[in-house]
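Text of query.tsv (TSV, C-alpha atoms and all ligand atoms) as supplied:
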chain	number	residue	atom	x	y	z
A	181	MET	CA	94.66	62.23	155.89
A	182	TYR	CA	91.53	63.82	157.29
A	183	SER	CA	88.04	63.04	156.07
A	184	SER	CA	85.02	65.33	156.13
A	185	LYS	CA	81.64	64.32	157.47
A	186	ILE	CA	78.26	65.96	157.29
A	187	THR	CA	77.55	66.50	161.00
A	188	GLY	CA	74.43	68.66	160.72
A	189	LEU	CA	71.64	69.26	158.21
A	190	GLY	CA	68.86	71.84	158.12
A	191	MET	CA	66.24	73.23	155.78
A	192	TYR	CA	63.75	76.06	155.57
A	193	VAL	CA	60.92	76.79	153.13
A	194	PRO	CA	58.54	79.79	153.20
A	195	GLU	CA	55.07	79.09	154.61
A	196	ASN	CA	53.26	80.32	151.50
A	197	VAL	CA	52.13	77.26	149.48
A	198	VAL	CA	51.39	77.88	145.79
A	199	THR	CA	49.45	75.05	144.16
A	200	ASN	CA	49.18	74.31	140.45
A	201	ASP	CA	45.59	75.54	140.60
A	202	ASP	CA	46.83	78.83	142.09
A	203	LEU	CA	49.14	79.25	139.07
A	204	SER	CA	46.33	78.49	136.64
A	205	LYS	CA	44.57	81.63	137.94
A	206	VAL	CA	47.42	83.90	136.75
A	207	MET	CA	48.58	82.10	133.58
A	208	ASP	CA	47.32	79.62	131.00
A	209	THR	CA	48.37	76.37	132.66
A	210	ASN	CA	46.74	73.54	134.53
A	211	ASP	CA	47.40	70.97	137.25
A	212	GLU	CA	47.29	68.04	134.81
A	213	TRP	CA	50.00	69.48	132.51
A	214	ILE	CA	52.30	70.38	135.38
A	215	GLN	CA	51.95	67.06	137.21
A	216	GLU	CA	52.24	64.95	134.07
A	217	ARG	CA	55.37	66.74	132.74
A	218	THR	CA	57.17	67.48	136.02
A	219	GLY	CA	55.56	65.67	138.97
A	220	ILE	CA	55.13	68.99	140.79
A	221	LYS	CA	51.95	69.49	142.84
A	222	GLU	CA	52.90	72.63	144.73
A	223	ARG	CA	55.85	74.85	145.59
A	224	ARG	CA	56.63	77.57	148.15
A	225	HIS	CA	56.91	81.24	147.24
A	226	ILE	CA	58.16	84.03	149.46
A	227	LYS	CA	55.30	86.40	150.26
A	228	LYS	CA	56.09	90.10	150.18
A	229	GLY	CA	56.70	91.24	153.73
A	230	ASP	CA	57.25	87.77	155.24
A	231	GLY	CA	60.87	88.68	155.99
A	232	ASN	CA	62.36	86.00	153.77
A	233	SER	CA	65.20	86.51	151.31
A	234	THR	CA	67.81	84.20	149.83
A	235	ALA	CA	70.29	85.04	152.60
A	236	SER	CA	67.79	84.99	155.48
A	237	MET	CA	66.31	81.63	154.43
A	238	GLY	CA	69.87	80.31	154.25
A	239	VAL	CA	70.45	81.52	157.79
A	240	LYS	CA	67.31	79.76	159.05
A	241	ALA	CA	68.45	76.47	157.51
A	242	ALA	CA	72.01	77.03	158.76
A	243	LYS	CA	70.93	77.56	162.38
A	244	ILE	CA	69.24	74.15	162.39
A	245	ALA	CA	72.28	72.49	160.77
A	246	ILE	CA	74.67	74.07	163.31
A	247	GLU	CA	72.49	72.99	166.23
A	248	ARG	CA	72.35	69.41	164.92
A	249	ALA	CA	76.12	69.41	164.42
A	250	LYS	CA	76.34	70.14	168.16
A	251	ILE	CA	78.92	72.88	167.70
A	252	ASP	CA	79.00	76.49	168.72
A	253	LYS	CA	78.34	78.72	165.72
A	254	ASP	CA	81.67	80.43	166.34
A	255	ALA	CA	83.40	77.14	165.43
A	256	ILE	CA	82.44	77.73	161.76
A	257	GLU	CA	85.60	78.73	159.89
A	258	LEU	CA	84.28	79.15	156.34
A	259	ILE	CA	80.89	79.83	154.73
A	260	VAL	CA	80.25	78.54	151.21
A	261	PHE	CA	76.97	79.86	149.77
A	262	ALA	CA	75.43	78.54	146.54
A	263	THR	CA	72.63	80.39	144.75
A	264	LEU	CA	71.54	81.72	141.37
A	265	SER	CA	69.18	84.23	142.98
A	266	PRO	CA	71.28	86.36	145.35
A	267	ASP	CA	69.72	89.25	147.25
A	268	TYR	CA	72.15	91.70	145.65
A	269	TYR	CA	74.00	91.84	142.33
A	270	PHE	CA	77.04	92.09	144.58
A	271	PRO	CA	78.21	91.27	147.22
A	272	GLY	CA	77.07	87.66	147.40
A	273	CYS	CA	74.89	86.20	150.14
A	274	GLY	CA	77.84	84.63	152.01
A	275	VAL	CA	78.78	87.85	153.76
A	276	GLN	CA	75.15	88.46	154.74
A	277	VAL	CA	75.13	85.05	156.42
A	278	GLN	CA	78.36	85.90	158.26
A	279	ASP	CA	76.67	89.04	159.55
A	280	LEU	CA	73.21	87.60	160.26
A	281	LEU	CA	74.67	84.64	162.15
A	282	GLY	CA	76.93	86.99	164.08
A	283	LEU	CA	80.02	84.97	163.21
A	284	PRO	CA	83.51	86.35	163.73
A	285	THR	CA	85.20	87.61	160.55
A	286	VAL	CA	85.18	84.24	158.82
A	287	PRO	CA	85.65	84.06	155.05
A	288	ALA	CA	82.52	83.77	152.91
A	289	LEU	CA	82.66	82.29	149.44
A	290	ASP	CA	79.84	82.45	146.88
A	291	VAL	CA	79.30	79.71	144.33
A	292	ARG	CA	77.55	80.41	141.00
A	293	ASN	CA	76.76	76.97	139.66
A	294	GLN	CA	72.97	76.97	139.64
A	295	CYS	CA	71.44	73.48	140.06
A	296	SER	CA	74.89	71.96	140.66
A	297	GLY	CA	75.74	74.72	143.14
A	298	PHE	CA	75.32	72.72	146.32
A	299	VAL	CA	77.44	69.78	145.14
A	300	TYR	CA	80.13	72.19	143.89
A	301	ALA	CA	80.00	73.99	147.26
A	302	LEU	CA	80.24	70.71	149.14
A	303	SER	CA	83.25	69.72	147.05
A	304	ILE	CA	84.98	73.02	147.88
A	305	ALA	CA	84.28	72.59	151.60
A	306	ASP	CA	85.52	69.00	151.42
A	307	GLN	CA	88.89	70.09	149.98
A	308	TYR	CA	89.44	72.71	152.69
A	309	ILE	CA	88.75	70.13	155.38
A	310	LYS	CA	90.80	67.32	153.84
A	311	THR	CA	93.85	69.58	153.49
A	312	GLY	CA	93.57	70.37	157.21
A	313	MET	CA	92.90	74.09	156.73
A	314	TYR	CA	89.48	74.16	158.40
A	315	LYS	CA	87.60	71.98	160.91
A	316	HIS	CA	84.02	73.12	160.33
A	317	VAL	CA	82.59	74.58	157.13
A	318	LEU	CA	79.01	75.78	156.67
A	319	VAL	CA	77.58	74.98	153.22
A	320	ILE	CA	74.30	76.60	152.15
A	321	GLY	CA	72.09	76.36	149.07
A	322	SER	CA	69.25	78.88	148.94
A	323	GLU	CA	66.97	80.34	146.27
A	324	ASN	CA	64.36	83.03	145.91
A	325	HIS	CA	63.06	82.13	142.46
A	326	SER	CA	59.65	83.72	142.86
A	327	GLY	CA	61.24	87.17	143.02
A	328	GLY	CA	62.35	86.89	139.38
A	329	LEU	CA	59.92	84.70	137.45
A	330	ASP	CA	57.68	85.75	134.57
A	331	MET	CA	54.31	84.90	136.12
A	332	THR	CA	52.38	85.37	132.87
A	333	THR	CA	51.53	82.79	130.19
A	334	ARG	CA	54.65	83.90	128.31
A	335	GLY	CA	56.83	82.47	131.11
A	336	ARG	CA	54.76	79.39	131.97
A	337	SER	CA	57.20	76.72	130.74
A	338	VAL	CA	59.74	77.95	133.31
A	339	SER	CA	57.69	79.61	136.05
A	340	VAL	CA	55.61	76.59	137.03
A	341	ILE	CA	58.75	74.59	137.78
A	342	PHE	CA	60.70	76.69	140.27
A	343	GLY	CA	60.18	77.23	143.99
A	344	ASP	CA	61.83	78.97	146.94
A	345	GLY	CA	63.70	77.48	149.89
A	346	ALA	CA	67.02	76.76	151.53
A	347	GLY	CA	69.08	73.87	152.82
A	348	ALA	CA	72.33	73.77	154.77
A	349	ALA	CA	74.98	71.34	155.93
A	350	VAL	CA	77.84	71.56	158.40
A	351	LEU	CA	80.88	69.68	157.15
A	352	SER	CA	83.32	68.72	159.89
A	353	ARG	CA	86.79	67.20	160.08
A	354	SER	CA	87.03	63.55	161.12
A	355	ASN	CA	89.94	61.16	161.57
A	356	ASP	CA	87.94	58.16	160.34
A	357	ASP	CA	88.67	58.01	156.62
A	358	THR	CA	86.33	55.06	156.06
A	359	LYS	CA	83.38	57.45	156.48
A	360	GLY	CA	82.36	60.87	155.20
A	361	ILE	CA	82.66	62.31	151.72
A	362	LEU	CA	84.49	59.66	149.70
A	363	SER	CA	84.74	61.66	146.47
A	364	THR	CA	83.21	64.49	144.48
A	365	HIS	CA	83.08	64.91	140.69
A	366	MET	CA	82.39	68.12	138.78
A	367	HIS	CA	82.00	69.05	135.10
A	368	SER	CA	80.94	71.96	132.91
A	369	GLU	CA	80.12	72.60	129.24
A	370	GLY	CA	79.81	76.32	128.60
A	371	GLN	CA	78.89	76.00	124.95
A	372	HIS	CA	75.33	75.44	126.20
A	373	ALA	CA	75.35	78.40	128.62
A	374	LYS	CA	72.43	80.15	126.92
A	375	GLU	CA	70.18	77.07	126.81
A	376	LEU	CA	69.25	77.68	130.46
A	377	ALA	CA	70.10	81.19	131.51
A	378	MET	CA	69.03	84.60	132.64
A	379	ILE	CA	71.18	86.97	130.57
A	380	GLY	CA	70.29	90.33	132.07
A	381	PRO	CA	70.67	92.48	133.95
A	382	SER	CA	74.39	92.05	133.41
A	383	THR	CA	77.40	94.03	132.28
A	384	GLU	CA	76.62	92.85	128.74
A	385	TYR	CA	72.99	93.82	129.00
A	386	TRP	CA	72.49	96.58	131.50
A	387	VAL	CA	69.32	98.06	132.99
A	388	PRO	CA	68.78	101.11	130.71
A	389	GLN	CA	69.12	98.88	127.65
A	390	ILE	CA	66.61	96.41	129.09
A	391	ILE	CA	64.10	99.16	129.84
A	392	GLU	CA	64.51	100.59	126.34
A	393	GLU	CA	64.19	97.23	124.62
A	394	SER	CA	61.36	95.97	126.82
A	395	THR	CA	58.99	98.48	125.29
A	396	THR	CA	59.53	96.96	121.84
A	397	ALA	CA	60.69	93.45	122.78
A	398	THR	CA	59.20	90.34	121.27
A	399	ASP	CA	58.68	87.39	123.59
A	400	GLU	CA	62.05	85.89	122.57
A	401	ASP	CA	63.92	89.09	123.44
A	402	ILE	CA	62.96	89.11	127.07
A	403	THR	CA	66.33	88.45	128.71
A	404	TYR	CA	65.61	89.55	132.24
A	405	TYR	CA	63.58	86.41	132.95
A	406	PRO	CA	65.03	82.90	133.02
A	407	TYR	CA	65.04	81.13	129.65
A	408	MET	CA	65.15	77.35	129.30
A	409	ASN	CA	65.27	75.21	126.18
A	410	GLY	CA	63.35	72.54	128.09
A	411	GLN	CA	63.65	69.53	125.82
A	412	PHE	CA	67.35	70.13	125.09
A	413	VAL	CA	68.08	70.52	128.80
A	414	PHE	CA	66.06	67.37	129.56
A	415	LYS	CA	68.00	65.29	127.00
A	416	ASN	CA	71.36	66.47	128.35
A	417	ALA	CA	70.26	66.03	131.96
A	418	VAL	CA	69.44	62.33	131.71
A	419	VAL	CA	72.81	61.61	130.05
A	420	ARG	CA	74.94	63.71	132.40
A	421	PHE	CA	73.14	62.56	135.58
A	422	SER	CA	73.85	58.96	134.62
A	423	GLU	CA	77.49	59.63	133.66
A	424	VAL	CA	78.39	61.52	136.80
A	425	ILE	CA	76.73	58.96	139.11
A	426	MET	CA	78.65	56.19	137.32
A	427	GLU	CA	81.88	58.19	137.62
A	428	GLY	CA	81.40	58.41	141.40
A	429	LEU	CA	80.58	54.72	141.73
A	430	GLU	CA	83.58	53.62	139.63
A	431	LYS	CA	85.96	55.86	141.56
A	432	ASN	CA	84.92	54.08	144.77
A	433	LYS	CA	84.66	50.59	143.22
A	434	LEU	CA	80.94	50.49	143.93
A	435	MET	CA	78.02	49.06	141.97
A	436	PRO	CA	74.59	50.67	141.57
A	437	THR	CA	73.26	47.99	143.94
A	438	ASP	CA	75.55	49.44	146.65
A	439	ILE	CA	73.62	52.72	146.67
A	440	ASP	CA	71.47	52.98	149.80
A	441	MET	CA	70.16	56.42	148.94
A	442	LEU	CA	70.38	58.48	145.77
A	443	ILE	CA	69.45	62.14	146.20
A	444	PRO	CA	69.07	63.59	142.70
A	445	HIS	CA	68.74	67.33	142.19
A	446	GLN	CA	64.98	67.83	141.97
A	447	ALA	CA	64.80	69.09	138.37
A	448	ASN	CA	61.88	67.03	137.13
A	449	LEU	CA	60.35	63.83	138.54
A	450	ARG	CA	60.60	62.28	135.07
A	451	ILE	CA	64.38	62.82	135.08
A	452	SER	CA	64.71	61.19	138.53
A	453	GLN	CA	62.55	58.26	137.39
A	454	PHE	CA	64.65	57.83	134.24
A	455	VAL	CA	67.85	57.69	136.31
A	456	GLN	CA	66.24	55.33	138.85
A	457	LYS	CA	65.24	52.93	136.06
A	458	LYS	CA	68.62	53.14	134.33
A	459	PHE	CA	70.43	52.07	137.52
A	460	GLY	CA	67.75	49.54	138.50
A	461	LEU	CA	67.09	51.25	141.85
A	462	SER	CA	64.00	50.65	144.00
A	463	ASN	CA	61.74	53.42	145.30
A	464	ASP	CA	63.48	53.08	148.69
A	465	GLN	CA	66.86	53.88	147.11
A	466	VAL	CA	65.85	57.24	145.57
A	467	PHE	CA	64.45	60.25	147.41
A	468	ASN	CA	62.20	62.78	145.68
A	469	ASN	CA	60.28	65.71	147.10
A	470	ILE	CA	59.84	67.86	143.97
A	471	GLN	CA	56.10	67.18	144.36
A	472	LYS	CA	56.03	69.55	147.37
A	473	TYR	CA	58.68	72.14	146.56
A	474	GLY	CA	59.22	72.23	142.80
A	475	ASN	CA	62.78	72.78	141.59
A	476	THR	CA	64.65	74.85	144.18
A	477	THR	CA	67.94	74.74	142.23
A	478	ALA	CA	70.93	75.02	144.62
A	479	ALA	CA	68.63	74.33	147.59
A	480	SER	CA	67.04	71.17	146.22
A	481	ILE	CA	69.71	68.65	147.25
A	482	PRO	CA	70.22	69.93	150.82
A	483	ILE	CA	66.44	70.17	151.32
A	484	ALA	CA	65.96	66.61	150.03
A	485	LEU	CA	68.95	65.32	152.01
A	486	THR	CA	67.58	66.91	155.20
A	487	GLU	CA	64.10	65.47	154.68
A	488	ALA	CA	65.47	62.00	153.87
A	489	TRP	CA	67.67	62.10	156.99
A	490	GLU	CA	64.82	63.40	159.18
A	491	ALA	CA	62.58	60.57	157.92
A	492	GLY	CA	65.21	58.03	159.03
A	493	LYS	CA	65.93	57.00	155.43
A	494	ILE	CA	69.67	57.64	155.82
A	495	LYS	CA	71.47	55.64	158.51
A	496	GLU	CA	75.03	55.31	159.71
A	497	GLY	CA	77.10	53.27	157.27
A	498	ASP	CA	74.81	53.97	154.28
A	499	THR	CA	76.23	54.81	150.87
A	500	VAL	CA	74.59	58.06	149.82
A	501	VAL	CA	75.02	59.54	146.34
A	502	LEU	CA	74.18	63.15	145.46
A	503	ALA	CA	73.88	64.12	141.79
A	504	ALA	CA	73.00	67.33	140.00
A	505	PHE	CA	72.75	68.84	136.53
A	506	GLY	CA	71.74	72.29	135.39
A	507	SER	CA	72.49	75.66	133.90
A	508	GLY	CA	76.01	76.17	132.62
A	509	PHE	CA	75.74	73.37	131.74
A	510	THR	CA	77.28	72.12	134.96
A	511	TRP	CA	76.88	68.74	136.57
A	512	ALA	CA	78.36	67.05	139.63
A	513	SER	CA	78.11	64.16	142.07
A	514	ALA	CA	79.27	63.26	145.56
A	515	VAL	CA	79.63	59.79	147.06
A	516	ILE	CA	79.24	59.72	150.84
A	517	LYS	CA	79.65	56.94	153.40
A	518	TRP	CA	77.32	58.12	156.16
B	1	LIG	O1	67.07	72.19	137.07
B	1	LIG	C1	67.81	72.46	135.94
B	1	LIG	C2	67.60	71.45	134.90
B	1	LIG	N1	66.28	71.56	134.36
B	1	LIG	C3	65.73	70.52	133.77
B	1	LIG	O2	66.33	69.48	133.75
B	1	LIG	C4	64.40	70.69	133.11
B	1	LIG	C5	64.37	69.90	131.83
B	1	LIG	N2	63.15	70.08	131.03
B	1	LIG	C6	61.92	69.76	131.45
B	1	LIG	O3	61.73	69.37	132.58
B	1	LIG	C7	60.80	69.83	130.45
B	1	LIG	O4	61.30	70.12	129.18
B	1	LIG	C8	59.71	70.89	130.81
B	1	LIG	C9	58.92	70.42	132.02
B	1	LIG	C10	60.34	72.23	131.09
B	1	LIG	C11	58.72	71.07	129.66
B	1	LIG	O5	58.14	69.83	129.33
B	1	LIG	P1	58.08	69.36	127.81
B	1	LIG	O6	57.42	68.05	127.81
B	1	LIG	O7	59.49	69.42	127.26
B	1	LIG	O8	57.14	70.43	127.14
B	1	LIG	P2	57.42	71.44	125.94
B	1	LIG	O9	58.31	72.54	126.39
B	1	LIG	O10	57.83	70.67	124.74
B	1	LIG	O11	55.99	72.05	125.68
B	1	LIG	C12	54.90	71.22	125.22
B	1	LIG	C13	53.65	72.07	125.09
B	1	LIG	C14	53.86	73.35	124.29
B	1	LIG	O12	52.68	73.61	123.57
B	1	LIG	P3	52.58	73.21	122.01
B	1	LIG	O13	53.66	74.01	121.33
B	1	LIG	O14	52.80	71.74	121.94
B	1	LIG	O15	51.19	73.64	121.65
B	1	LIG	C15	54.00	74.41	125.35
B	1	LIG	O16	53.62	75.69	124.90
B	1	LIG	O17	53.22	72.49	126.38
B	1	LIG	C16	53.06	73.92	126.41
B	1	LIG	N3	53.38	74.40	127.75
B	1	LIG	C17	52.48	74.44	128.74
B	1	LIG	N4	51.19	74.12	128.80
B	1	LIG	C18	50.56	74.27	130.00
B	1	LIG	C19	54.57	74.82	128.22
B	1	LIG	N5	54.47	75.15	129.50
B	1	LIG	C20	53.19	74.92	129.86
B	1	LIG	C21	52.48	75.06	131.07
B	1	LIG	N6	51.17	74.72	131.09
B	1	LIG	N7	53.07	75.49	132.21

Please re-express this file's structure in structure tokens.
Ligand code: UT7
Amino acid sequence: MYSSKITGLGMYVPENVVTNDDLSKVMDTNDEWIQERTGIKERRHIKKGDGNSTASMGVKAAKIAIERAKIDKDAIELIVFATLSPDYYFPGCGVQVQDLLGLPTVPALDVRNQCSGFVYALSIADQYIKTGMYKHVLVIGSENHSGGLDMTTRGRSVSVIFGDGAGAAVLSRSNDDTKGILSTHMHSEGQHAKELAMIGPSTEYWVPQIIEESTTATDEDITYYPYMNGQFVFKNAVVRFSEVIMEGLEKNKLMPTDIDMLIPHQANLRISQFVQKKFGLSNDQVFNNIQKYGNTTAASIPIALTEAWEAGKIKEGDTVVLAAFGSGFTWASAVIKW
């Protein structure tokens, strides 16, 4: 049986830093509220004309990951791209990456699982490698949130949270089954789909209807901006994060004390701190960077993983756990022996 190892990691964020004070100039919010409720100090936003898009940021992160994997880009046999903010309604960003990287006609698969997108994508890549079908798979999580947020006071409970950026990993076949991705675990609960969603534009709610309704819409009717029932999402997040981490540990006969590094999806610093406390983990066992980037959804785990690895916080032989929860609801974890 083959195993799959992360052989290269990369990240990219736009240069444009948007602080909480910057946001308070365009909406009724303030640094104290944002930091106290979320831990976020600043985030990155694409600036019009800076050349960044969801696909192109993904490519920038991917190039670094491929270089660190020490493979030729043409060795990539599958692209798996996770995002909730694609450049086009269709096709997905995967094919843009195939083109922008100048790869041969490799397959490109797009994953629509929001905050859990990267872990779902990693799980897909893992299966293709373990079955022996592919040797090297490129997994990308990338988001351009700023292109679709309501930057007025009406949208403040959502807009202050999200940021732009991309992260990527190369997953490669290995014959050493004591290392690599030990297991992945995925769940969904669609009955809560509308608690964190952007409903339109969609085939159910198409552009002419939105334009017509937007002239008379009340605040609650605005469907073409993300909606989040914050407290409900928060309550579900802390439960599901804990469950899916425990599921991964039990599957591998591990205890919370065996975790060398937990990389939680960067949804809210308070959620990460809750999970850290629940499992009795020290500050050295949990990595957070939401303070700098906000919530970058599908990009948050690969960005955090890359930064933790670059800082030397993940070493060979470490047990690394990834965990995510978000819109869908979907949630997922991965247990990795580095
Ligand atoms: O990544 C996917 C998963 N996402 C999550 O897990 C996010 C989960 N939820 C959360 O992180 C939190 O619910 C939020 C950070 C989104 C909101 O924090 P909260 O403590 O739940 O605040 P709230 O929504 O209950 O709002 C409290 C007050 C309200 O005012 P009133 O009604 O008490 O007068 C809001 O209108 O804060 C107000 N408020 C703001 N004030 C200043 C909402 N947004 C803002 C803002 N600045 N940006």

At most 8 Å from ligand LIG 1 (chain B) (only C-alpha atoms and all ligand atoms): residue list as a PyMOL selection string | chain A and resi 208-210+213-214+217-218+294-295+333+335-341+376+408-417+445-448+450-451+475-477+505-507

Proximity to Arg224 (chain A) - best of A:Pro287, A:Gly460, A:Gly370, A:Gly474, all atoms listed in the file | A:Gly474

Quick one: contact table of region 333-448 of chain A to region 260-275 of chain A, 10 Å max, nearest atom pair and distance in Å to one decimal per residue, counting all atoms listed in the file, chain and number order, as a tab-separated table?
residue	atom	partner	partner_atom	distance
A:Asp344	CA	A:Ser265	CA	9.9
A:Ala346	CA	A:Thr263	CA	9.5
A:Ala348	CA	A:Phe261	CA	9.1
A:Ala377	CA	A:Leu264	CA	10.0
A:Met378	CA	A:Leu264	CA	9.5
A:Pro381	CA	A:Tyr269	CA	9.0
A:Ser382	CA	A:Tyr269	CA	8.9

Go ahead and compute the interatomic distance for CA of Leu189 (chain A) and CA of Pro284 (chain A), in Å to one decimal.
-> 21.5 Å

Record the distance separating CA of Leu283 (chain A) and CA of Ala349 (chain A), expressed in Å with one decimal.
->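 These two atoms are separated by 16.3 Å.
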
When you draw a straight line from CA of His316 (chain A) to CA of Ile256 (chain A), how long is it in Å?
-> 5.1 Å

Hey, which of A:Val466, A:Met366, A:Met435, A:Ile379 ends up closest to Val299 (chain A)? Count only C-alpha atoms.
->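 The closest residue to Val299 (chain A) is A:Met366.
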
Just the residues within 6 Å of Met441 (chain A), please, counting all atoms listed in the file, with nothing from its chain fewer than 2 positions along; format it as a PyMOL selection string.
-> chain A and resi 439+465-466+500

Can you write out the residues you just picked, keeping C-alpha atoms, as a PDB file, in the frame of the given file?
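Final output, out06.pdb:
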ATOM      1  CA  ILE A 439      73.620  52.720 146.670  1.00  0.00           C
ATOM      2  CA  GLN A 465      66.860  53.880 147.110  1.00  0.00           C
ATOM      3  CA  VAL A 466      65.850  57.240 145.570  1.00  0.00           C
ATOM      4  CA  VAL A 500      74.590  58.060 149.820  1.00  0.00           C
TER       5      VAL A 500
END

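Ranking A:Leu442, A:Leu485, A:Ala514, A:Ala255 by their shortest atom-to-atom distance to Leu461 (chain A), with all atoms listed in the file included, puts A:Leu442 first.
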
Taking into account all atoms listed in the file, which residue in the set A:Lys517, A:Arg248, A:Lys185, A:Lys433 is nearest to Thr358 (chain A)?
->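 Comparing A:Lys517, A:Arg248, A:Lys185, A:Lys433 against Thr358 (chain A), the winner is A:Lys517.
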
One residue among A:Ser452, A:Thr332, A:Gln215, A:Thr403 is nearest to Val419 (chain A) when using only C-alpha atoms, and that residue is A:Ser452
